[in-house]
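Okay, so here's the structure we're looking at.
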Amino acid sequence: MNILVELRARFRQALAGLVDDPAGLLDLIRPAQDARFGDYQANVAMPLAKQLGKAPRDVAAEIVQRLEVSDLCDPPEVAGPGFINLRLRDDWLASQLSGALLDPRLGVATVDQPATFVLDYSSPNVAKPMHVGHIRSTVIGDSLSRILRFLGHRVISDNHLGDWGTQFGMIIYGYKHFRDDEAFARAPVQELSRLYKLVSQLVDYQQIRRTLPDLRARVVQREQTLAEQQSLYDSADPAEQKRLAKRLRSLQSQVSEARAEVAAAEQKLAAVEQSPLLSPLALAHPEIGTAVLQETAKLHADDPENVRLWHDFLPACRDEIQRLYTRLDIHFDYEYGESFYHQRLGDVVTQFRDRGLARVSEGAVCVFLDGFDAPMIIQKSDGAYLYATTDLATIDFRMQNFQPDAIFYVVDHRQKEHFDKLFAAARLWGYDRVDLRHISFGTVLGEDGKPYKTRAGDTVGLEGLLDEAVRRAYAVVAANDDGKPDGPELDDTQRRHIAEVVGHAAIKYADLCQNRTSDYEFSYDKMVALEGNTATYMQYSYARTQSIFAKGDVDVTALRAEAAKAWGSAPNASRSEAENPIHLDHPTERALGLQVLRLSEAIGEAVVDYRPNLLTGYLFDLAKRFSEFYQQCKVLKAESEPQRLSRLLLCDLAGRAIRLGLELLGIRTVEKM
Ligand code: ARG
């Protein structure tokens, strides 16, 4: 049961006699911040009193009088200006916990009205090295798909691979002019990736050479404006100066920005010109930018040679990506990718034009959208289609094939404008009832606060990242095992297996525990720490529950079944607290039991705005509650047999809640650590 939802339903009834529309007030019923005031707190009386023109405490008293919660709460208390404090009954908590003993869902119900979700996540551009940003999309998308499925929704996951974009023009050009056959035979993806980098560097070079004069002119122009403004400022009176200061500062930063751009451009040019390898290539391929576009255009126009090369390259590129998915336990229902839609793009443009939704402007086919400065281009003047055109075709396909209620795109925040326009265009097109949503996320930063990169300046490859996390996890696991009071208990094979699970989990969790819309700083040390809000700590807590059973030689499955049977066979009416196998006598037992029961609430909160970090936050609290309980309550050496049983059952429930929560994040557990 979702306790919060249940309490809100009870309040809705109580409030129904007092206000016409209680729904708006129900958000004011929340878990209590401070356990001394109970488990939940309702702050509805204050705003309601204003509405009714009565004293808040009187209104609170009236609500309490109407409220029917005696089956689950102690008598509610009115405190301060009119807070209503609710404390769940211990026997009710205990009976809920006993009721969950045999329930693999631990009391989490499925939704009444399942919906169909298409989830578009991961979606890397193949043949370009994948980088750390792709982890965020992959991991957040995977977790959301697990959570929504668990809640009973129909989820269709589709990896919208970038397998048709301009990077193929680069690779094809590179392959035709610069390939190393031996290297390609040995490690095709590595060679393609080298070619990609080489060609994009040469394309950049030519592009920068062309734009550098403009960039320099801009510096001069901005410096001039600044100088003018500065002299205006210098001769102004203090009041006027105050007014001008802001503009002056903004001009100053514009000048530094323009200078920095020139410096960066010059650096890139120098890097090519001073390289004995690159400079002759740059000289020999002055038109490489146009040539690359032509290679892409030829591929898209079914040129036999380019299509053959594309078919040659693709399997190896996909295998490479698949290796990562296998390591990370990521699965998709579909991986159509951009190439799947290319035959449909012409039809999209025709439909938009025929229905007057798009028109030609400066040679390009444009969709003009309210509220945007620039139109969305769906076909360039040279006939080429764009990322946006493919995305429109994809929406159309998904709507026809899956009839979804929602399509979610788990993509970084820099694509906000693309999706805003895409959704607006799709609505124009008639897809105005589906919930199109950009599940946006922030950038992964290095310790210098800039986008995470290795020292060589390459964005970190994912494989290397996972290897490093596993290496560090191994060190943590080994140190922990070596430090055990009775000596180490794991052999090297076990340690390696655990390190693998822990390392991958650390990477995923580090991402999921962040507020997804913020940037976050990547740190190996923090992510594998045994203490704190890390997967390692959760996995460790779970393993600890299992080690209790191992140490006490407890067959927990049998124990659970027996307890549930005894409890379940007692007829409802005659059930008394004494018959309940679970007792919440110690405050840490109660706190742990309550936290276990709040899993449902945490999952519910996580899908309000699709934020897995609300689930990681829950798990962190759960692990803390477990650790407090374990410090203060003897389990195997409990004072009586019933107490031992009750505590073992609590450990079992806590362990299962941790495991289930982690599963919903795509994270595995180990029995020993
Ligand atoms: N391939 C794109 C990239 O790496 C992301 C695609 C996201 N999905 C989509 N339907 N546009 O930036």
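Residue names in the structure tokens use chain letters A, B, ... in the order shown, residue numbers from 1 in each chain, and ligand numbers from 1 in the order shown.
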Interface rows for chain A against ligand 1: nearest pair, Å to one decimal, 7 Å, only C-alpha atoms and all ligand atoms, as JSON lines:
```
{"residue": "A:Asp120", "atom": "CA", "partner": "ligand 1", "partner_atom_place_in_ligand_line": "8 (N)", "distance": 6.0}
{"residue": "A:Tyr121", "atom": "CA", "partner": "ligand 1", "partner_atom_place_in_ligand_line": "8 (N)", "distance": 6.6}
{"residue": "A:Ser123", "atom": "CA", "partner": "ligand 1", "partner_atom_place_in_ligand_line": "6 (C)", "distance": 4.9}
{"residue": "A:Pro124", "atom": "CA", "partner": "ligand 1", "partner_atom_place_in_ligand_line": "4 (O)", "distance": 4.3}
{"residue": "A:Asn125", "atom": "CA", "partner": "ligand 1", "partner_atom_place_in_ligand_line": "1 (N)", "distance": 4.8}
{"residue": "A:His160", "atom": "CA", "partner": "ligand 1", "partner_atom_place_in_ligand_line": "8 (N)", "distance": 5.4}
{"residue": "A:Leu161", "atom": "CA", "partner": "ligand 1", "partner_atom_place_in_ligand_line": "1 (N)", "distance": 5.8}
{"residue": "A:Gly162", "atom": "CA", "partner": "ligand 1", "partner_atom_place_in_ligand_line": "1 (N)", "distance": 4.4}
{"residue": "A:Asp391", "atom": "CA", "partner": "ligand 1", "partner_atom_place_in_ligand_line": "10 (N)", "distance": 5.5}
{"residue": "A:Tyr409", "atom": "CA", "partner": "ligand 1", "partner_atom_place_in_ligand_line": "8 (N)", "distance": 6.0}
{"residue": "A:Val411", "atom": "CA", "partner": "ligand 1", "partner_atom_place_in_ligand_line": "7 (C)", "distance": 5.7}
```
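Excluding Asp491 in chain A itself and any same-chain residue fewer than 2 positions from it, the protein and nucleic acid residues within 12 Å of it, counting only C-alpha atoms, are Val477, Ala478, Asp481, Asp482, Gly487, Pro488, Glu489, Thr493, Gln494, Arg495, Arg496, His497, Ile498, Lys672 and Met673 of chain A.
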Kindly export the residues of the current selection with C-alpha atoms, as a CSV table (one decimal), in the first residue's frame.
```
chain,number,residue,atom,x,y,z
A,477,VAL,CA,36.1,-5.1,-1.9
A,478,ALA,CA,39.5,-6.6,-1.2
A,481,ASP,CA,37.4,-8.4,3.0
A,482,ASP,CA,40.9,-8.3,4.4
A,487,GLY,CA,39.8,-13.0,8.4
A,488,PRO,CA,38.9,-12.8,4.7
A,489,GLU,CA,36.2,-15.0,3.4
A,493,THR,CA,37.2,-15.3,-8.3
A,494,GLN,CA,34.5,-14.2,-5.9
A,495,ARG,CA,36.3,-10.8,-5.4
A,496,ARG,CA,36.5,-10.3,-9.1
A,497,HIS,CA,32.8,-11.1,-9.6
A,498,ILE,CA,31.8,-8.8,-6.8
A,672,LYS,CA,28.5,-11.6,0.1
A,673,MET,CA,30.8,-8.6,0.1
```
